[in-house]
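*Asks:* Just passing along the structure, written as C-alpha cells.
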Amino acid sequence: MKLEIKNISKQYGKKTVLQGVSQEFSEGVYGLLGPNGAGKKTLLNIIATVLKASAGTICYEQKNVFDDLAGYHSMVGYLPQKIGFYTHFTGYDMMKYMHYLKGGDRKNTGQIDELLQRVNLYDVKDNKIATYSGGMKQRILIAQAIMGNPELLIFDEPTAGLDPYERVRTRNLFTELGKERIVL
C-alpha cells in the first residue's frame, strides 16, 4: 500500500501555511514533527480530506483520492484532535453507532468487544461516556478510528490526555497496526 502527497500547498487568504509538501508513505508508523503553527494539523486534515488543499494531489495506490472519494474514505480511520461525544451513550453504544456509520453489519458487531479490549476499556463498556475520564474518552476515539481495519490511520495528537501507562500501550498498539497499515 502506498500513500503519496504531491506538492501540497494551503493558503488561508494571503497566509501560506503549507507550500509544496511532498511525501510517500507505505506500511509503518510516521510522526509529523514541527513547532506550533508549522501546518501539521492542516496537512493531516488535507490527507483526511477534511480540508481541501489550495494546490497539489493526494494519491492512494497511484489513484487520485478525489476520483473515488467514498472508496478512499472507506479505507481511512481518522481521529481529529477534538471531537464531540454523545455523553448519554455507553462506550459500547458509541462503538456500535460508529460501526453502523462506517457501514458495518448490524448483526456482526464482534469487533467492538475486541477493540474495547485493545484500548483497555472493555471493563467499563457499559458505563456512560459522561463518566469517562479524558484519557478514557481519548482511548474510545482511538478504538473507533481503527474500527473496520482501515488501511490508513490518521491520528492528531492521539496520546494527549493519556497517563504514562496508556501512552505506552497506545504506542505499542500503533507499532502493531503499522506492520500492515500506514499510521500517521
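Residues in the C-alpha cells are named by chain (A, B, ... in the order shown) and by number from 1 within that chain; ligands are numbered from 1 in the order shown.
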Can you list, as an MDAnalysis selection string, all residues belonging to stretch 31-117 of chain A that DSSP tags as alpha helix (DSSP H)?

*Replies:* chainID A and resid 40:47 69:74 91:101 110:117

*Asks:* Next, dump the selected residues to file, keeping only N, CA and C atoms, as a CSV table (one decimal), in the first residue's frame.

*Replies:*
```csv
chain,number,residue,atom,x,y,z
A,40,LYS,N,1.2,21.1,10.7
A,40,LYS,CA,1.0,19.6,10.9
A,40,LYS,C,-0.5,19.2,10.8
A,41,LYS,N,-1.3,19.9,11.6
A,41,LYS,CA,-2.7,19.6,11.7
A,41,LYS,C,-3.4,19.8,10.3
A,42,THR,N,-3.0,20.9,9.7
A,42,THR,CA,-3.5,21.2,8.4
A,42,THR,C,-3.2,20.1,7.4
A,43,LEU,N,-2.0,19.6,7.4
A,43,LEU,CA,-1.6,18.5,6.5
A,43,LEU,C,-2.4,17.3,6.8
A,44,LEU,N,-2.6,16.9,8.0
A,44,LEU,CA,-3.3,15.7,8.4
A,44,LEU,C,-4.8,15.9,7.9
A,45,ASN,N,-5.4,17.1,8.1
A,45,ASN,CA,-6.7,17.3,7.7
A,45,ASN,C,-6.9,17.3,6.2
A,46,ILE,N,-5.9,17.7,5.4
A,46,ILE,CA,-5.9,17.6,4.0
A,46,ILE,C,-5.8,16.1,3.6
A,47,ILE,N,-4.9,15.3,4.2
A,47,ILE,CA,-4.8,13.9,3.9
A,47,ILE,C,-6.1,13.2,4.2
A,69,LEU,N,-13.7,9.3,-3.9
A,69,LEU,CA,-13.7,9.7,-2.5
A,69,LEU,C,-14.3,8.8,-1.5
A,70,ALA,N,-15.4,8.2,-1.9
A,70,ALA,CA,-16.1,7.3,-1.0
A,70,ALA,C,-15.2,6.0,-0.7
A,71,GLY,N,-14.6,5.6,-1.8
A,71,GLY,CA,-13.7,4.4,-1.7
A,71,GLY,C,-12.5,4.7,-0.8
A,72,TYR,N,-12.0,5.9,-0.9
A,72,TYR,CA,-10.8,6.4,-0.1
A,72,TYR,C,-11.3,6.5,1.4
A,73,HIS,N,-12.4,7.1,1.6
A,73,HIS,CA,-12.9,7.2,3.0
A,73,HIS,C,-13.1,5.9,3.6
A,74,SER,N,-13.5,4.9,2.9
A,74,SER,CA,-13.7,3.6,3.5
A,74,SER,C,-12.4,2.9,3.9
A,91,GLY,N,-20.0,3.4,26.4
A,91,GLY,CA,-18.9,3.2,25.5
A,91,GLY,C,-19.3,2.2,24.4
A,92,TYR,N,-19.9,1.1,24.8
A,92,TYR,CA,-20.3,0.1,23.8
A,92,TYR,C,-21.3,0.7,22.8
A,93,ASP,N,-22.3,1.5,23.3
A,93,ASP,CA,-23.3,2.1,22.3
A,93,ASP,C,-22.6,3.0,21.3
A,94,MET,N,-21.6,3.8,21.8
A,94,MET,CA,-20.9,4.7,20.9
A,94,MET,C,-20.2,3.9,19.8
A,95,MET,N,-19.5,2.8,20.2
A,95,MET,CA,-18.8,2.0,19.3
A,95,MET,C,-19.7,1.3,18.3
A,96,LYS,N,-20.9,0.9,18.8
A,96,LYS,CA,-21.9,0.3,17.9
A,96,LYS,C,-22.4,1.3,16.9
A,97,TYR,N,-22.6,2.5,17.4
A,97,TYR,CA,-23.1,3.6,16.5
A,97,TYR,C,-22.0,3.9,15.4
A,98,MET,N,-20.8,4.0,15.8
A,98,MET,CA,-19.7,4.3,14.8
A,98,MET,C,-19.6,3.1,13.9
A,99,HIS,N,-19.8,1.9,14.3
A,99,HIS,CA,-19.7,0.7,13.5
A,99,HIS,C,-20.8,0.8,12.4
A,100,TYR,N,-22.0,1.2,12.8
A,100,TYR,CA,-23.1,1.4,11.8
A,100,TYR,C,-22.8,2.5,10.8
A,101,LEU,N,-22.3,3.7,11.3
A,101,LEU,CA,-21.9,4.8,10.4
A,101,LEU,C,-20.9,4.4,9.4
A,110,GLY,N,-18.9,-8.1,16.5
A,110,GLY,CA,-17.8,-8.8,17.3
A,110,GLY,C,-16.6,-8.0,17.4
A,111,GLN,N,-16.3,-7.2,16.4
A,111,GLN,CA,-15.0,-6.4,16.5
A,111,GLN,C,-15.1,-5.3,17.6
A,112,ILE,N,-16.3,-4.9,18.0
A,112,ILE,CA,-16.4,-3.9,19.1
A,112,ILE,C,-15.8,-4.4,20.4
A,113,ASP,N,-16.1,-5.6,20.8
A,113,ASP,CA,-15.6,-6.1,22.1
A,113,ASP,C,-14.0,-6.2,22.0
A,114,GLU,N,-13.6,-6.7,20.8
A,114,GLU,CA,-12.1,-6.8,20.6
A,114,GLU,C,-11.4,-5.4,20.7
A,115,LEU,N,-12.0,-4.4,20.1
A,115,LEU,CA,-11.4,-3.1,20.1
A,115,LEU,C,-11.4,-2.5,21.5
A,116,LEU,N,-12.5,-2.7,22.2
A,116,LEU,CA,-12.6,-2.1,23.6
A,116,LEU,C,-11.6,-2.8,24.5
A,117,GLN,N,-11.3,-4.1,24.2
A,117,GLN,CA,-10.2,-4.7,25.0
A,117,GLN,C,-8.9,-4.2,24.6
```

*Asks:* Do you have the atom CA of A:Asn7-atom CA of A:Ala55 distance handy?

*Replies:*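 One can read the atom CA of A:Asn7 to atom CA of A:Ala55 distance as 7.0 Å.
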
*Asks:* Measuring atom to atom with only C-alpha atoms, identify which of A:Asp163, A:Glu180, A:Asp126, A:Asp105 is nearest to A:Gly148.

*Replies:* A:Asp105

*Asks:* For stretch 15-21 of chain A, please output as a PDB file with N, CA, C and O atoms, in the first residue's frame all residues within 10 Å (counting only C-alpha atoms; exclusion window: fewer than 4 positions along the same chain).

*Replies:*
```
ATOM      1  N   ILE A   5       1.585  12.132  -1.271  1.00  0.00           N
ATOM      2  CA  ILE A   5       1.124  13.516  -1.350  1.00  0.00           C
ATOM      3  C   ILE A   5       2.129  14.262  -2.207  1.00  0.00           C
ATOM      4  O   ILE A   5       3.333  14.110  -2.049  1.00  0.00           O
ATOM      5  N   LYS A   6       1.610  15.040  -3.147  1.00  0.00           N
ATOM      6  CA  LYS A   6       2.473  15.702  -4.128  1.00  0.00           C
ATOM      7  C   LYS A   6       2.205  17.196  -4.143  1.00  0.00           C
ATOM      8  O   LYS A   6       1.084  17.629  -4.427  1.00  0.00           O
ATOM      9  N   ASN A   7       3.233  17.963  -3.807  1.00  0.00           N
ATOM     10  CA  ASN A   7       3.202  19.431  -3.910  1.00  0.00           C
ATOM     11  C   ASN A   7       1.978  20.052  -3.221  1.00  0.00           C
ATOM     12  O   ASN A   7       1.338  20.946  -3.779  1.00  0.00           O
ATOM     13  N   ILE A   8       1.676  19.570  -2.016  1.00  0.00           N
ATOM     14  CA  ILE A   8       0.525  20.085  -1.276  1.00  0.00           C
ATOM     15  C   ILE A   8       0.836  21.490  -0.761  1.00  0.00           C
ATOM     16  O   ILE A   8       1.859  21.727  -0.124  1.00  0.00           O
ATOM     17  N   SER A   9      -0.062  22.405  -1.049  1.00  0.00           N
ATOM     18  CA  SER A   9       0.026  23.771  -0.541  1.00  0.00           C
ATOM     19  C   SER A   9      -1.334  24.156   0.017  1.00  0.00           C
ATOM     20  O   SER A   9      -2.369  23.661  -0.438  1.00  0.00           O
ATOM     21  N   LYS A  10      -1.303  25.028   0.998  1.00  0.00           N
ATOM     22  CA  LYS A  10      -2.551  25.521   1.577  1.00  0.00           C
ATOM     23  C   LYS A  10      -2.364  26.968   1.986  1.00  0.00           C
ATOM     24  O   LYS A  10      -1.392  27.324   2.652  1.00  0.00           O
ATOM     25  N   GLN A  11      -3.296  27.786   1.516  1.00  0.00           N
ATOM     26  CA  GLN A  11      -3.320  29.193   1.900  1.00  0.00           C
ATOM     27  C   GLN A  11      -4.641  29.503   2.570  1.00  0.00           C
ATOM     28  O   GLN A  11      -5.678  28.970   2.201  1.00  0.00           O
ATOM     29  N   GLY A  37       2.066  25.878  14.732  1.00  0.00           N
ATOM     30  CA  GLY A  37       1.841  26.725  13.569  1.00  0.00           C
ATOM     31  C   GLY A  37       2.578  26.277  12.313  1.00  0.00           C
ATOM     32  O   GLY A  37       2.517  26.955  11.291  1.00  0.00           O
ATOM     33  N   ALA A  38       3.251  25.123  12.371  1.00  0.00           N
ATOM     34  CA  ALA A  38       4.021  24.648  11.215  1.00  0.00           C
ATOM     35  C   ALA A  38       3.144  24.019  10.132  1.00  0.00           C
ATOM     36  O   ALA A  38       3.621  23.771   9.033  1.00  0.00           O
ATOM     37  N   GLY A  39       1.880  23.734  10.444  1.00  0.00           N
ATOM     38  CA  GLY A  39       0.982  23.163   9.439  1.00  0.00           C
ATOM     39  C   GLY A  39       0.745  21.671   9.578  1.00  0.00           C
ATOM     40  O   GLY A  39       0.167  21.049   8.677  1.00  0.00           O
ATOM     41  N   LYS A  40       1.158  21.064  10.687  1.00  0.00           N
ATOM     42  CA  LYS A  40       0.984  19.623  10.872  1.00  0.00           C
ATOM     43  C   LYS A  40      -0.494  19.226  10.832  1.00  0.00           C
ATOM     44  O   LYS A  40      -0.872  18.318  10.090  1.00  0.00           O
ATOM     45  N   THR A  42      -2.996  20.927   9.672  1.00  0.00           N
ATOM     46  CA  THR A  42      -3.535  21.243   8.354  1.00  0.00           C
ATOM     47  C   THR A  42      -3.218  20.121   7.370  1.00  0.00           C
ATOM     48  O   THR A  42      -4.092  19.672   6.619  1.00  0.00           O
ATOM     49  N   LEU A  43      -1.988  19.628   7.388  1.00  0.00           N
ATOM     50  CA  LEU A  43      -1.608  18.548   6.481  1.00  0.00           C
ATOM     51  C   LEU A  43      -2.410  17.282   6.775  1.00  0.00           C
ATOM     52  O   LEU A  43      -2.915  16.633   5.847  1.00  0.00           O
ATOM     53  N   ALA A  53      -6.814  21.093  -0.187  1.00  0.00           N
ATOM     54  CA  ALA A  53      -5.549  21.772  -0.444  1.00  0.00           C
ATOM     55  C   ALA A  53      -5.766  22.884  -1.469  1.00  0.00           C
ATOM     56  O   ALA A  53      -6.629  22.777  -2.341  1.00  0.00           O
ATOM     57  N   SER A  54      -4.976  23.936  -1.356  1.00  0.00           N
ATOM     58  CA  SER A  54      -5.020  25.001  -2.360  1.00  0.00           C
ATOM     59  C   SER A  54      -4.385  24.522  -3.658  1.00  0.00           C
ATOM     60  O   SER A  54      -4.759  24.965  -4.742  1.00  0.00           O
ATOM     61  N   ALA A  55      -3.426  23.605  -3.525  1.00  0.00           N
ATOM     62  CA  ALA A  55      -2.759  23.025  -4.693  1.00  0.00           C
ATOM     63  C   ALA A  55      -2.194  21.670  -4.292  1.00  0.00           C
ATOM     64  O   ALA A  55      -1.990  21.392  -3.113  1.00  0.00           O
ATOM     65  N   GLY A  56      -1.943  20.830  -5.292  1.00  0.00           N
ATOM     66  CA  GLY A  56      -1.334  19.529  -5.052  1.00  0.00           C
ATOM     67  C   GLY A  56      -2.337  18.401  -5.149  1.00  0.00           C
ATOM     68  O   GLY A  56      -3.542  18.617  -5.322  1.00  0.00           O
TER      69      GLY A  56
END
```

*Asks:* Using only C-alpha atoms, find the one residue out of A:Lys102, A:His88, A:Lys52, A:Lys2 that sits nearest to A:Ala130.

*Replies:* A:His88

*Asks:* Within 9 Å of stretch 23-35 of chain A, which residues of stretch 110-177 of chain A show up? Give each one with its shortest atom-to-atom distance in Å (one decimal) and the two atoms involved, counting only C-alpha atoms, rows by chain then rising residue number, as JSON lines.

*Replies:*
```
{"residue": "A:Glu151", "atom": "CA", "partner": "A:Glu27", "partner_atom": "CA", "distance": 8.8}
{"residue": "A:Leu152", "atom": "CA", "partner": "A:Glu27", "partner_atom": "CA", "distance": 8.8}
{"residue": "A:Phe174", "atom": "CA", "partner": "A:Val29", "partner_atom": "CA", "distance": 7.0}
{"residue": "A:Thr175", "atom": "CA", "partner": "A:Val29", "partner_atom": "CA", "distance": 6.6}
{"residue": "A:Leu177", "atom": "CA", "partner": "A:Gly28", "partner_atom": "CA", "distance": 8.0}
```

*Asks:* Kindly save the residues from that selection, with C-alpha atoms included, as a tab-separated table (two decimals), in the first residue's frame.

*Replies:*
```
chain	number	residue	atom	x	y	z
A	151	GLU	CA	-5.53	0.67	5.67
A	152	LEU	CA	-4.69	4.29	6.50
A	174	PHE	CA	0.31	1.75	16.80
A	175	THR	CA	3.53	-0.23	16.24
A	177	LEU	CA	-1.00	-1.65	13.47
```

*Asks:* Between A:Asn120, A:Asn127, A:Gln144, A:Ser133, which is the closest to A:Thr170 once you count only C-alpha atoms?

*Replies:*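 With only C-alpha atoms as the atom set, the closest residue is A:Asn120.
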
*Asks:* Would you mind writing down, as a list of chain:residue names, each residue of stretch 74-170 of chain A that DSSP on the backbone assigns to strand (DSSP E)?

*Replies:*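 DSSP on the backbone gives strand (DSSP E) at A:Val76, A:Gly77, A:Tyr78, A:Leu79, A:Leu152, A:Leu153, A:Ile154, A:Phe155.
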
*Asks:* What separation in Å, quoted to one decimal, exists between atom CA of A:Gly84 and atom CA of A:Leu3?

*Replies:*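 For atom CA of A:Gly84 relative to atom CA of A:Leu3, the distance reads 28.5 Å.
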
*Asks:* My list of candidates is A:Leu162, A:Cys59, A:Ala48, A:Leu173. Which is closest to A:Leu79 when distances are computed with only C-alpha atoms?

*Replies:* A:Ala48
